[in-house]
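structure-v1.txt follows (compact mmCIF, C-alpha atoms and all ligand atoms):
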```txt
# COMPACT_ATOMS: atom_id res chain seq x y z
CA MET R 10 176.72 -71.68 -96.19
CA ASN R 11 177.53 -71.75 -99.85
CA SER R 12 178.08 -68.88 -102.18
CA ARG R 13 175.51 -69.87 -104.80
CA ARG R 14 172.58 -67.54 -104.50
CA THR R 15 169.90 -68.56 -106.91
CA GLY R 16 166.73 -66.60 -107.58
CA SER R 17 164.63 -69.07 -105.65
CA GLN R 18 167.07 -68.94 -102.72
CA LYS R 19 166.70 -65.19 -102.64
CA GLN R 20 162.96 -65.51 -102.75
CA MET R 21 163.01 -67.95 -99.84
CA ASP R 22 165.20 -65.58 -97.84
CA GLU R 23 162.76 -62.79 -98.58
CA GLN R 24 159.84 -64.91 -97.39
CA LEU R 25 161.70 -65.86 -94.23
CA LEU R 26 162.49 -62.22 -93.46
CA GLN R 27 158.89 -61.17 -94.06
CA ALA R 28 157.51 -63.95 -91.89
CA PHE R 29 159.96 -63.05 -89.14
CA GLU R 30 159.15 -59.35 -89.36
CA ARG R 31 155.43 -60.08 -89.00
CA VAL R 32 155.82 -62.11 -85.79
CA CYS R 33 158.52 -59.76 -84.51
CA GLU R 34 156.40 -56.62 -84.89
CA GLU R 35 153.48 -58.27 -83.22
CA GLN R 36 155.62 -59.33 -80.26
CA LEU R 37 157.26 -55.91 -79.91
CA ALA R 38 153.79 -54.32 -79.76
CA LEU R 39 152.90 -56.89 -77.12
CA CYS R 40 156.00 -55.96 -75.09
CA GLU R 41 155.02 -52.31 -75.21
CA ALA R 42 151.48 -53.09 -74.04
CA LEU R 43 152.86 -55.28 -71.22
CA GLU R 44 155.21 -52.49 -70.17
CA ASN R 45 152.32 -50.00 -70.06
CA ILE R 46 150.29 -52.36 -67.91
CA ALA R 47 153.25 -52.96 -65.58
CA ASP R 48 153.82 -49.20 -65.23
CA GLN R 49 150.20 -48.61 -64.23
CA LEU R 50 149.71 -51.59 -61.95
CA GLY R 51 150.65 -49.93 -58.68
CA ALA R 52 149.01 -46.54 -59.10
CA GLN R 53 146.09 -46.95 -61.48
CA PRO R 54 145.51 -50.53 -62.47
CA ASP R 55 143.18 -51.00 -65.43
CA ARG R 56 141.64 -54.41 -64.73
CA GLN R 57 139.80 -54.49 -68.04
CA LYS R 58 143.11 -54.04 -69.86
CA CYS R 59 144.59 -56.91 -67.84
CA LEU R 60 141.73 -59.20 -68.87
CA GLN R 61 142.12 -58.16 -72.48
CA MET R 62 145.86 -58.83 -72.38
CA ALA R 63 145.23 -62.24 -70.79
CA GLU R 64 143.21 -63.10 -73.94
CA GLU R 65 145.66 -61.61 -76.45
CA LEU R 66 148.92 -62.91 -75.08
CA ASP R 67 148.59 -66.56 -75.90
CA PRO R 68 147.52 -66.25 -79.57
CA VAL R 69 150.42 -63.84 -80.30
CA MET R 70 152.93 -66.18 -78.66
CA GLN R 71 151.44 -69.18 -80.42
CA ARG R 72 151.94 -67.51 -83.81
CA ALA R 73 155.52 -66.65 -82.81
CA HIS R 74 156.22 -70.19 -81.73
CA ALA R 75 154.58 -71.61 -84.84
CA PHE R 76 156.98 -69.51 -86.95
CA GLU R 77 159.91 -70.96 -84.99
CA ALA R 78 158.71 -74.55 -84.97
CA ASP R 79 157.47 -74.66 -88.59
CA VAL R 80 159.88 -72.33 -90.40
CA LEU R 81 162.96 -71.23 -88.51
CA PHE R 82 163.91 -74.39 -86.60
CA PRO R 83 163.65 -76.75 -89.61
CA LEU R 84 165.75 -74.33 -91.66
CA LEU R 85 168.41 -74.07 -88.94
CA ALA R 86 168.37 -77.85 -88.55
CA SER R 87 168.95 -78.34 -92.27
CA ILE R 88 171.94 -75.96 -92.16
CA ALA R 89 173.24 -77.53 -88.95
CA ASN R 90 173.10 -81.01 -90.50
CA ASP R 91 174.89 -80.00 -93.67
CA ASP R 92 178.57 -80.28 -92.87
CA SER R 93 179.51 -78.73 -96.21
CA GLN R 94 178.13 -75.44 -94.90
CA GLN R 95 180.66 -73.31 -93.05
CA THR R 96 178.00 -72.17 -90.65
CA ALA R 97 176.76 -75.64 -89.66
CA VAL R 98 178.34 -75.27 -86.22
CA ILE R 99 176.92 -71.84 -85.58
CA ALA R 100 173.49 -72.95 -86.83
CA ARG R 101 173.60 -75.76 -84.28
CA ARG R 102 174.33 -73.27 -81.51
CA TYR R 103 171.55 -70.91 -82.68
CA LEU R 104 169.10 -73.78 -82.75
CA GLU R 105 169.98 -74.94 -79.26
CA GLN R 106 169.75 -71.45 -77.79
CA LEU R 107 166.48 -70.54 -79.49
CA LYS R 108 164.86 -73.83 -78.49
CA MET R 109 165.84 -73.24 -74.88
CA GLU R 110 164.42 -69.70 -74.94
CA HIS R 111 161.29 -70.98 -76.64
CA ASP R 112 160.68 -73.48 -73.81
CA ASP R 113 161.31 -70.83 -71.13
CA ASP R 114 158.78 -68.50 -72.79
CA VAL R 115 156.04 -71.11 -72.86
CA GLY R 116 156.14 -71.55 -69.08
CA LEU R 117 156.31 -67.84 -68.33
CA VAL R 118 153.49 -66.94 -70.72
CA GLY R 119 151.18 -69.41 -68.97
CA GLU R 120 151.97 -67.88 -65.57
CA VAL R 121 151.48 -64.31 -66.82
CA VAL R 122 148.13 -65.14 -68.47
CA GLU R 123 146.86 -66.64 -65.23
CA ALA R 124 148.14 -63.73 -63.11
CA LEU R 125 146.58 -61.13 -65.43
CA ARG R 126 143.27 -62.97 -65.51
CA GLU R 127 143.08 -63.22 -61.73
CA PHE R 128 144.15 -59.62 -61.26
CA GLY R 129 141.62 -58.50 -63.91
CA GLN R 130 138.89 -60.30 -61.99
CA ASP R 131 140.05 -58.64 -58.76
CA ASN R 132 140.79 -62.09 -57.44
CA SER R 133 144.57 -62.14 -57.31
CA PRO R 134 146.42 -64.10 -54.65
CA ILE R 135 149.60 -62.13 -55.39
CA SER R 136 150.40 -58.42 -55.10
CA SER R 137 150.41 -55.99 -58.00
CA ASP R 138 154.16 -55.61 -57.40
CA ALA R 139 154.68 -59.31 -57.91
CA ILE R 140 152.61 -59.24 -61.12
CA GLY R 141 154.56 -56.20 -62.34
CA TYR R 142 157.78 -58.08 -61.71
CA MET R 143 156.49 -61.07 -63.66
CA LEU R 144 155.38 -58.88 -66.58
CA ARG R 145 158.80 -57.22 -66.68
CA GLY R 146 160.47 -60.62 -66.73
CA LEU R 147 158.41 -61.51 -69.78
CA PHE R 148 158.81 -58.36 -71.87
CA VAL R 149 162.48 -57.77 -71.04
CA GLY R 150 163.29 -61.40 -71.86
CA LEU R 151 161.15 -61.33 -74.99
CA ARG R 152 162.82 -58.18 -76.34
CA ARG R 153 166.22 -59.75 -75.76
CA HIS R 154 165.08 -62.95 -77.43
CA LEU R 155 163.78 -61.01 -80.45
CA ALA R 156 167.08 -59.15 -80.84
CA TYR R 157 168.87 -62.51 -80.83
CA GLU R 158 166.39 -64.08 -83.23
CA ASN R 159 166.78 -61.08 -85.52
CA GLN R 160 170.53 -61.66 -85.57
CA VAL R 161 169.98 -65.35 -86.37
CA VAL R 162 167.56 -64.63 -89.21
CA ARG R 163 169.86 -61.95 -90.72
CA THR R 164 172.85 -64.27 -90.51
CA ILE R 165 171.22 -67.21 -92.22
CA THR R 166 169.63 -65.13 -94.98
CA GLN R 167 172.96 -63.46 -95.75
CA ASN R 168 175.10 -66.56 -95.68
CA HIS R 169 173.48 -69.47 -97.35
FE FE R 201 160.98 -66.31 -80.97
```
Show me, as structure tokens, the structure contained in the file I just sent.
Ligand SMILES: [Fe+2]
Amino acid sequence: MNSRRTGSQKQMDEQLLQAFERVCEEQLALCEALENIADQLGAQPDRQKCLQMAEELDPVMQRAHAFEADVLFPLLASIANDDSQQTAVIARRYLEQLKMEHDDDVGLVGEVVEALREFGQDNSPISSDAIGYMLRGLFVGLRRHLAYENQVVRTITQNH
């Protein structure tokens, strides 16, 4: 991206980092809570906790996706479309990858919310093992996604 770093550019970078850190922390806490639930599912399932998580999951993910859709994706798109920026190509790749992960998450979150709700109501058509497997898929994938998104955010705030 270019080497001119104006005061307002720095301020925008700072705002981007802060916004990312907020949604990132919230999602990491969510991953930890999901892992705790998954660990307890077989031996001592806490159905109340499952119901609570079924309510919390969607709003956290919606805030995370709003950050991507409203802040991060438009910024990446503007870099990707600016051929004078050295990192236009890499920004294009970041954007493609993050959008794909974003779409995968949306489907999985819906399935997990439903599974947790049914399990919480003691009305689950699938085993606790299967739910544990699903939860692991979500938090392992989400942690990986956050590490990648962190790399993307650091790269664009350092280079443009
Ligand atoms: Fe994300």
- Task: Starting from the point (172.3, -79.2, -87.1), work out which residues of protein, DNA or RNA have an atom no more than 9 Å away when counting only C-alpha atoms; state them as a ChimeraX atom specification.
- Result: /R:85-92,97-102,104
- Task: Enter the distance from atom CA of Ala139 of chain R to atom CA of Gln53 of chain R, in Å, rounded to one decimal.
- Result: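 About the pair atom CA of Ala139 of chain R and atom CA of Gln53 of chain R: they are 15.5 Å apart.
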- Query: So which residues touch segment 131-133 of chain R within 9 Å, counting all atoms listed in the file, skipping near sequence neighbours fewer than 6 positions away, as a ChimeraX atom specification?
  - Reply: /R:56,124-125
Report as a short mmCIF file (atom, residue, chain, number, x, y, z; two decimals) with C-alpha atoms, keeping the file's coordinate frame all protein, DNA and RNA residues lying within 9 Å of Glu77 of chain R, evaluated on all atoms listed in the file, omitting residues in the same chain fewer than 6 positions from it.
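Below you can see out08.cif, which holds the result:
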```
data_model
loop_
_atom_site.label_atom_id
_atom_site.label_comp_id
_atom_site.auth_asym_id
_atom_site.auth_seq_id
_atom_site.Cartn_x
_atom_site.Cartn_y
_atom_site.Cartn_z
CA PHE R 29 159.96 -63.05 -89.14
CA PRO R 83 163.65 -76.75 -89.61
CA LEU R 107 166.48 -70.54 -79.49
CA LYS R 108 164.86 -73.83 -78.49
CA HIS R 111 161.29 -70.98 -76.64
#
```
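Straight-line separation from atom CA of Met70 of chain R to atom CA of Gln57 of chain R: 20.5 Å.
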